[in-house]
$ cat input05.txt   # compact mmCIF, N, CA and C atoms
# COMPACT_ATOMS: atom_id res chain seq x y z
N MET A 1 23.36 -14.92 -15.00
CA MET A 1 22.88 -14.15 -13.85
C MET A 1 23.51 -14.73 -12.59
N GLN A 2 24.06 -13.85 -11.77
CA GLN A 2 24.68 -14.29 -10.53
C GLN A 2 23.63 -14.78 -9.54
N LEU A 3 24.07 -15.60 -8.61
CA LEU A 3 23.15 -16.14 -7.60
C LEU A 3 22.54 -15.01 -6.77
N LYS A 4 23.34 -14.02 -6.40
CA LYS A 4 22.85 -12.89 -5.62
C LYS A 4 21.74 -12.14 -6.37
N THR A 5 21.97 -11.88 -7.64
CA THR A 5 20.97 -11.19 -8.46
C THR A 5 19.71 -12.02 -8.59
N LEU A 6 19.87 -13.30 -8.78
CA LEU A 6 18.72 -14.20 -8.89
C LEU A 6 17.90 -14.21 -7.60
N LEU A 7 18.58 -14.33 -6.46
CA LEU A 7 17.87 -14.32 -5.17
C LEU A 7 17.16 -12.99 -4.93
N LEU A 8 17.83 -11.89 -5.23
CA LEU A 8 17.20 -10.58 -5.05
C LEU A 8 16.00 -10.40 -5.97
N THR A 9 16.09 -10.92 -7.18
CA THR A 9 14.97 -10.82 -8.11
C THR A 9 13.78 -11.64 -7.61
N VAL A 10 14.03 -12.84 -7.15
CA VAL A 10 12.96 -13.68 -6.61
C VAL A 10 12.33 -13.00 -5.39
N LEU A 11 13.17 -12.53 -4.49
CA LEU A 11 12.65 -11.81 -3.31
C LEU A 11 11.86 -10.58 -3.72
N GLY A 12 12.33 -9.88 -4.73
CA GLY A 12 11.61 -8.70 -5.23
C GLY A 12 10.21 -9.05 -5.67
N PHE A 13 10.07 -10.15 -6.40
CA PHE A 13 8.73 -10.57 -6.84
C PHE A 13 7.86 -11.03 -5.67
N VAL A 14 8.47 -11.67 -4.68
CA VAL A 14 7.71 -12.08 -3.49
C VAL A 14 7.16 -10.84 -2.78
N PHE A 15 8.02 -9.86 -2.55
CA PHE A 15 7.58 -8.64 -1.87
C PHE A 15 6.59 -7.85 -2.72
N LEU A 16 6.77 -7.84 -4.02
CA LEU A 16 5.82 -7.15 -4.89
C LEU A 16 4.45 -7.82 -4.82
N GLY A 17 4.43 -9.15 -4.78
CA GLY A 17 3.16 -9.87 -4.62
C GLY A 17 2.50 -9.55 -3.29
N MET A 18 3.30 -9.44 -2.23
CA MET A 18 2.74 -9.08 -0.92
C MET A 18 2.20 -7.65 -0.96
N GLY A 19 2.86 -6.77 -1.69
CA GLY A 19 2.35 -5.42 -1.86
C GLY A 19 1.05 -5.40 -2.63
N ALA A 20 0.94 -6.28 -3.64
CA ALA A 20 -0.30 -6.37 -4.42
C ALA A 20 -1.46 -6.82 -3.54
N ILE A 21 -1.19 -7.71 -2.59
CA ILE A 21 -2.23 -8.13 -1.65
C ILE A 21 -2.72 -6.92 -0.85
N GLY A 22 -1.79 -6.04 -0.50
CA GLY A 22 -2.14 -4.85 0.26
C GLY A 22 -3.05 -3.89 -0.48
N VAL A 23 -3.06 -3.97 -1.81
CA VAL A 23 -3.97 -3.13 -2.59
C VAL A 23 -5.42 -3.54 -2.32
N LEU A 24 -5.64 -4.82 -2.07
CA LEU A 24 -6.99 -5.34 -1.87
C LEU A 24 -7.41 -5.45 -0.41
N LEU A 25 -6.45 -5.72 0.48
CA LEU A 25 -6.77 -5.87 1.90
C LEU A 25 -6.40 -4.59 2.65
N PRO A 26 -7.37 -3.94 3.27
CA PRO A 26 -7.11 -2.63 3.85
C PRO A 26 -6.14 -2.61 5.03
N VAL A 27 -6.00 -3.67 5.76
CA VAL A 27 -5.09 -3.64 6.91
C VAL A 27 -3.72 -4.24 6.58
N TRP A 28 -3.53 -4.67 5.35
CA TRP A 28 -2.24 -5.21 4.90
C TRP A 28 -1.50 -4.07 4.20
N PRO A 29 -0.30 -3.74 4.63
CA PRO A 29 0.39 -2.60 4.03
C PRO A 29 0.84 -2.87 2.60
N THR A 30 0.78 -1.85 1.78
CA THR A 30 1.24 -1.95 0.40
C THR A 30 2.62 -1.34 0.24
N THR A 31 2.76 -0.10 0.68
CA THR A 31 3.97 0.66 0.41
C THR A 31 5.26 -0.01 0.91
N PRO A 32 5.33 -0.49 2.15
CA PRO A 32 6.61 -1.09 2.58
C PRO A 32 7.04 -2.26 1.71
N PHE A 33 6.09 -3.10 1.32
CA PHE A 33 6.44 -4.25 0.49
C PHE A 33 6.89 -3.82 -0.90
N VAL A 34 6.22 -2.83 -1.47
CA VAL A 34 6.60 -2.34 -2.79
C VAL A 34 7.99 -1.71 -2.74
N LEU A 35 8.27 -0.95 -1.69
CA LEU A 35 9.57 -0.31 -1.58
C LEU A 35 10.69 -1.34 -1.40
N VAL A 36 10.44 -2.37 -0.61
CA VAL A 36 11.44 -3.43 -0.45
C VAL A 36 11.65 -4.16 -1.78
N SER A 37 10.56 -4.38 -2.51
CA SER A 37 10.72 -5.06 -3.80
C SER A 37 11.56 -4.22 -4.76
N VAL A 38 11.33 -2.92 -4.77
CA VAL A 38 12.12 -2.05 -5.64
C VAL A 38 13.59 -2.08 -5.22
N ALA A 39 13.86 -2.10 -3.92
CA ALA A 39 15.24 -2.20 -3.45
C ALA A 39 15.86 -3.51 -3.93
N CYS A 40 15.10 -4.58 -3.93
CA CYS A 40 15.61 -5.87 -4.42
C CYS A 40 15.88 -5.80 -5.92
N PHE A 41 15.08 -5.03 -6.64
CA PHE A 41 15.23 -4.95 -8.09
C PHE A 41 16.32 -3.96 -8.54
N LEU A 42 17.01 -3.32 -7.60
CA LEU A 42 18.08 -2.39 -7.99
C LEU A 42 19.17 -3.10 -8.80
N SER A 43 19.32 -4.38 -8.56
CA SER A 43 20.33 -5.14 -9.32
C SER A 43 19.84 -5.49 -10.72
N THR A 44 18.54 -5.31 -10.98
CA THR A 44 17.98 -5.56 -12.30
C THR A 44 17.13 -4.35 -12.72
N PRO A 45 17.76 -3.31 -13.23
CA PRO A 45 17.05 -2.06 -13.58
C PRO A 45 15.91 -2.27 -14.58
N ARG A 46 16.03 -3.26 -15.43
CA ARG A 46 14.98 -3.51 -16.43
C ARG A 46 13.67 -3.88 -15.75
N ILE A 47 13.73 -4.70 -14.72
CA ILE A 47 12.52 -5.10 -13.99
C ILE A 47 11.96 -3.91 -13.22
N LYS A 48 12.84 -3.14 -12.57
CA LYS A 48 12.39 -1.95 -11.84
C LYS A 48 11.65 -0.99 -12.78
N ALA A 49 12.19 -0.79 -13.97
CA ALA A 49 11.55 0.10 -14.94
C ALA A 49 10.16 -0.40 -15.32
N LYS A 50 10.01 -1.71 -15.45
CA LYS A 50 8.69 -2.27 -15.79
C LYS A 50 7.70 -2.08 -14.64
N ILE A 51 8.17 -2.22 -13.41
CA ILE A 51 7.29 -2.03 -12.25
C ILE A 51 6.85 -0.58 -12.14
N LEU A 52 7.74 0.34 -12.47
CA LEU A 52 7.39 1.76 -12.42
C LEU A 52 6.35 2.13 -13.47
N LYS A 53 6.12 1.27 -14.44
CA LYS A 53 5.08 1.52 -15.44
C LYS A 53 3.69 1.12 -14.94
N ILE A 54 3.62 0.38 -13.83
CA ILE A 54 2.33 -0.02 -13.25
C ILE A 54 1.87 1.12 -12.35
N PRO A 55 0.75 1.79 -12.71
CA PRO A 55 0.35 3.01 -12.01
C PRO A 55 0.23 2.89 -10.49
N ILE A 56 -0.37 1.82 -9.99
CA ILE A 56 -0.60 1.72 -8.54
C ILE A 56 0.73 1.61 -7.79
N PHE A 57 1.68 0.88 -8.35
CA PHE A 57 2.99 0.74 -7.70
C PHE A 57 3.82 2.00 -7.90
N ARG A 58 3.74 2.61 -9.09
CA ARG A 58 4.50 3.83 -9.37
C ARG A 58 4.12 4.93 -8.38
N GLU A 59 2.82 5.06 -8.09
CA GLU A 59 2.38 6.10 -7.16
C GLU A 59 3.00 5.91 -5.78
N HIS A 60 3.02 4.68 -5.29
CA HIS A 60 3.60 4.42 -3.97
C HIS A 60 5.09 4.74 -3.96
N ILE A 61 5.78 4.34 -5.00
CA ILE A 61 7.23 4.56 -5.06
C ILE A 61 7.54 6.04 -5.19
N GLU A 62 6.84 6.74 -6.09
CA GLU A 62 7.10 8.17 -6.29
C GLU A 62 6.73 8.97 -5.04
N ASN A 63 5.63 8.63 -4.40
CA ASN A 63 5.24 9.35 -3.18
C ASN A 63 6.29 9.19 -2.10
N TYR A 64 6.88 8.02 -2.01
CA TYR A 64 7.91 7.79 -1.01
C TYR A 64 9.19 8.55 -1.36
N GLU A 65 9.62 8.43 -2.62
CA GLU A 65 10.86 9.09 -3.02
C GLU A 65 10.76 10.61 -2.92
N GLN A 66 9.60 11.17 -3.25
CA GLN A 66 9.41 12.62 -3.23
C GLN A 66 8.82 13.13 -1.92
N ARG A 67 8.44 12.20 -1.04
CA ARG A 67 7.80 12.54 0.23
C ARG A 67 6.63 13.52 0.01
N SER A 68 5.78 13.15 -0.96
CA SER A 68 4.70 14.05 -1.36
C SER A 68 3.34 13.69 -0.78
N GLY A 69 3.23 12.61 -0.03
CA GLY A 69 1.93 12.24 0.54
C GLY A 69 1.06 11.52 -0.47
N LEU A 70 -0.19 11.31 -0.10
CA LEU A 70 -1.13 10.59 -0.96
C LEU A 70 -2.06 11.56 -1.67
N SER A 71 -2.46 11.19 -2.87
CA SER A 71 -3.41 12.02 -3.61
C SER A 71 -4.80 11.88 -2.98
N PRO A 72 -5.66 12.89 -3.15
CA PRO A 72 -7.03 12.78 -2.63
C PRO A 72 -7.77 11.55 -3.16
N LYS A 73 -7.51 11.19 -4.42
CA LYS A 73 -8.15 10.01 -5.00
C LYS A 73 -7.71 8.74 -4.27
N THR A 74 -6.42 8.62 -3.97
CA THR A 74 -5.92 7.46 -3.26
C THR A 74 -6.48 7.39 -1.85
N VAL A 75 -6.56 8.54 -1.18
CA VAL A 75 -7.13 8.58 0.17
C VAL A 75 -8.59 8.13 0.14
N ARG A 76 -9.34 8.68 -0.80
CA ARG A 76 -10.76 8.33 -0.91
C ARG A 76 -10.93 6.83 -1.17
N ASN A 77 -10.20 6.30 -2.14
CA ASN A 77 -10.31 4.87 -2.46
C ASN A 77 -9.87 4.00 -1.29
N SER A 78 -8.80 4.39 -0.61
CA SER A 78 -8.31 3.61 0.53
C SER A 78 -9.35 3.56 1.65
N LEU A 79 -9.96 4.70 1.96
CA LEU A 79 -10.96 4.74 3.03
C LEU A 79 -12.22 3.96 2.66
N ILE A 80 -12.62 4.03 1.39
CA ILE A 80 -13.79 3.27 0.95
C ILE A 80 -13.53 1.77 1.06
N TRP A 81 -12.36 1.32 0.58
CA TRP A 81 -12.00 -0.11 0.69
C TRP A 81 -11.90 -0.53 2.15
N LEU A 82 -11.24 0.28 2.94
CA LEU A 82 -11.05 -0.04 4.36
C LEU A 82 -12.38 -0.26 5.05
N TRP A 83 -13.25 0.75 5.01
CA TRP A 83 -14.51 0.66 5.75
C TRP A 83 -15.49 -0.31 5.10
N GLY A 84 -15.42 -0.45 3.78
CA GLY A 84 -16.28 -1.43 3.11
C GLY A 84 -15.98 -2.85 3.55
N THR A 85 -14.70 -3.21 3.55
CA THR A 85 -14.35 -4.58 3.96
C THR A 85 -14.52 -4.79 5.46
N LEU A 86 -14.25 -3.76 6.25
CA LEU A 86 -14.49 -3.89 7.69
C LEU A 86 -15.98 -4.06 7.98
N PHE A 87 -16.81 -3.33 7.27
CA PHE A 87 -18.26 -3.45 7.47
C PHE A 87 -18.74 -4.86 7.11
N VAL A 88 -18.25 -5.39 6.00
CA VAL A 88 -18.63 -6.76 5.61
C VAL A 88 -18.19 -7.75 6.69
N SER A 89 -16.98 -7.57 7.20
CA SER A 89 -16.49 -8.45 8.27
C SER A 89 -17.36 -8.34 9.51
N MET A 90 -17.77 -7.12 9.85
CA MET A 90 -18.61 -6.91 11.04
C MET A 90 -19.97 -7.59 10.88
N VAL A 91 -20.53 -7.52 9.68
CA VAL A 91 -21.84 -8.13 9.42
C VAL A 91 -21.73 -9.65 9.49
N VAL A 92 -20.66 -10.20 8.94
CA VAL A 92 -20.49 -11.65 8.90
C VAL A 92 -20.20 -12.21 10.29
N ILE A 93 -19.34 -11.57 11.04
CA ILE A 93 -18.87 -12.14 12.30
C ILE A 93 -19.84 -11.90 13.46
N GLN A 94 -20.27 -10.70 13.66
CA GLN A 94 -21.28 -10.33 14.66
C GLN A 94 -20.94 -10.77 16.09
N LYS A 95 -19.69 -10.63 16.50
CA LYS A 95 -19.32 -10.83 17.90
C LYS A 95 -18.85 -9.49 18.41
N MET A 96 -19.35 -9.11 19.59
CA MET A 96 -19.12 -7.76 20.08
C MET A 96 -17.65 -7.41 20.20
N TRP A 97 -16.83 -8.32 20.73
CA TRP A 97 -15.42 -7.98 20.92
C TRP A 97 -14.70 -7.84 19.59
N ILE A 98 -15.13 -8.60 18.59
CA ILE A 98 -14.52 -8.48 17.26
C ILE A 98 -14.99 -7.19 16.59
N LEU A 99 -16.26 -6.84 16.78
CA LEU A 99 -16.76 -5.57 16.25
C LEU A 99 -15.96 -4.40 16.81
N ALA A 100 -15.72 -4.44 18.11
CA ALA A 100 -14.95 -3.37 18.74
C ALA A 100 -13.51 -3.34 18.20
N LEU A 101 -12.92 -4.51 18.06
CA LEU A 101 -11.55 -4.59 17.55
C LEU A 101 -11.47 -4.07 16.11
N LEU A 102 -12.41 -4.48 15.27
CA LEU A 102 -12.43 -4.01 13.89
C LEU A 102 -12.63 -2.50 13.82
N PHE A 103 -13.48 -1.97 14.68
CA PHE A 103 -13.71 -0.53 14.72
C PHE A 103 -12.43 0.21 15.11
N ILE A 104 -11.73 -0.29 16.11
CA ILE A 104 -10.47 0.33 16.56
C ILE A 104 -9.43 0.27 15.43
N VAL A 105 -9.34 -0.86 14.77
CA VAL A 105 -8.41 -0.99 13.64
C VAL A 105 -8.79 0.00 12.54
N GLY A 106 -10.08 0.09 12.23
CA GLY A 106 -10.54 1.00 11.19
C GLY A 106 -10.22 2.45 11.50
N VAL A 107 -10.46 2.86 12.73
CA VAL A 107 -10.17 4.25 13.12
C VAL A 107 -8.66 4.49 13.06
N SER A 108 -7.88 3.55 13.56
CA SER A 108 -6.42 3.70 13.56
C SER A 108 -5.87 3.80 12.14
N VAL A 109 -6.29 2.91 11.26
CA VAL A 109 -5.80 2.94 9.88
C VAL A 109 -6.29 4.21 9.17
N SER A 110 -7.52 4.62 9.44
CA SER A 110 -8.03 5.85 8.84
C SER A 110 -7.20 7.06 9.26
N LEU A 111 -6.88 7.14 10.54
CA LEU A 111 -6.05 8.25 11.02
C LEU A 111 -4.67 8.22 10.37
N HIS A 112 -4.12 7.02 10.20
CA HIS A 112 -2.82 6.89 9.55
C HIS A 112 -2.89 7.37 8.09
N ILE A 113 -3.90 6.94 7.38
CA ILE A 113 -4.06 7.35 5.98
C ILE A 113 -4.22 8.86 5.89
N LEU A 114 -5.04 9.43 6.77
CA LEU A 114 -5.24 10.88 6.74
C LEU A 114 -3.98 11.64 7.12
N SER A 115 -3.17 11.09 8.01
CA SER A 115 -1.93 11.78 8.37
C SER A 115 -0.94 11.77 7.20
N ILE A 116 -0.93 10.70 6.43
CA ILE A 116 -0.07 10.65 5.24
C ILE A 116 -0.59 11.62 4.19
N ALA A 117 -1.91 11.72 4.06
CA ALA A 117 -2.50 12.62 3.07
C ALA A 117 -2.18 14.08 3.40
N LYS A 118 -2.09 14.42 4.68
CA LYS A 118 -1.79 15.80 5.07
C LYS A 118 -0.45 16.27 4.53
N ALA A 119 0.48 15.36 4.37
CA ALA A 119 1.79 15.73 3.85
C ALA A 119 1.66 16.38 2.47
N LYS A 120 0.76 15.86 1.65
CA LYS A 120 0.57 16.40 0.31
C LYS A 120 -0.13 17.76 0.40
N VAL A 121 -1.16 17.88 1.23
CA VAL A 121 -1.90 19.12 1.35
C VAL A 121 -0.99 20.22 1.92
N ASN A 122 -0.15 19.87 2.89
CA ASN A 122 0.75 20.85 3.50
C ASN A 122 1.76 21.39 2.50
N LYS A 123 2.06 20.63 1.47
CA LYS A 123 3.00 21.11 0.46
C LYS A 123 2.32 21.94 -0.59
N GLY A 124 0.99 22.08 -0.50
CA GLY A 124 0.26 22.93 -1.41
C GLY A 124 -0.13 22.26 -2.71
N ASP A 125 0.08 20.99 -2.85
CA ASP A 125 -0.27 20.26 -4.05
C ASP A 125 -1.53 19.46 -3.79
N GLU A 126 -2.68 19.99 -4.23
CA GLU A 126 -3.95 19.33 -3.96
C GLU A 126 -4.54 18.69 -5.21
N THR A 127 -3.74 18.48 -6.22
CA THR A 127 -4.26 17.87 -7.44
C THR A 127 -4.37 16.37 -7.29
N GLU A 128 -5.23 15.80 -8.11
CA GLU A 128 -5.37 14.34 -8.13
C GLU A 128 -4.42 13.84 -9.15
$ encode --input "input05.txt" --output "structure tokens"
Amino acid sequence: MQLKTLLLTVLGFVFLGMGAIGVLLPVWPTTPFVLVSVACFLSTPRIKAKILKIPIFREHIENYEQRSGLSPKTVRNSLIWLWGTLFVSMVVIQKMWILALLFIVGVSVSLHILSIAKAKVNKGDETE
């Protein structure tokens, strides 16, 4: 294996791990990290094929490649995770300026998620 391929593969796994963190943390992006990891794995098609078999990552990659937006199930789960974790943070921290900041972040991320979801609805594909 060439040094370039080895470095790209290692970077691909680093970015994929960062994308996996985004699945659990609502304000940490998933899609950009997954897409960068797939770009790194272009030199190793076998690894890319294995990543495409993982449903959560496959959905992000396919949605980006096809520009199809997010499924209603993904939107629902994203909003539940987002507001659930923000609510827990608000209860634990209980400082007014942090509550306001978390609320602004929550509204902003919610609007972003809903704007991405509209792309799918506008194309007439409302299936889950």
$ closest_residue --input "input05.txt" --among "A:Thr85, A:Gln2, A:Gln94, A:Ser115" --to "Val27 (chain A)" --atoms "only C-alpha atoms"
A:Thr85
$ closest_atom_pairs --input "input05.txt" --of "region 47-111 of chain A" --to "region 30-38 of chain A" --cutoff "7 Å" --atoms "all atoms listed in the file" --output "Markdown table"
| residue | atom | partner | partner_atom | distance |
| --- | --- | --- | --- | --- |
| A:Lys48 | CA | A:Val38 | CA | 6.2 |
| A:Phe57 | CA | A:Val34 | CA | 6.8 |
| A:His60 | CA | A:Thr31 | CA | 5.8 |
| A:Ile61 | CA | A:Leu35 | CA | 6.4 |
$ residues_around --input "input05.txt" --residues "Ala100 (chain A)" --least-positions-apart "6" --cutoff "12 Å" --atoms "only C-alpha atoms" --output "PyMOL selection string"
chain A and resi 86-87+89-90+93-94+106-107
$ atom_distance --input "input05.txt" --atom1 "CA of Ser68 (chain A)" --atom2 "atom N of Ile56 (chain A)"
15.8 Å
$ closest_residue --input "input05.txt" --among "A:Ile51, A:Val91, A:Val105, A:Ile113" --to "Gly17 (chain A)" --atoms "only C-alpha atoms"
A:Ile51
$ atom_distance --input "input05.txt" --atom1 "atom C of Ala39 (chain A)" --atom2 "atom C of Gly19 (chain A)"
15.0 Å
$ residues_near_point --input "input05.txt" --point "(13.9, -7.8, -7.6)" --cutoff "5 Å" --atoms "all atoms listed in the file" --output "number ranges by chain"
A: 8-9, 12-13, 40-41
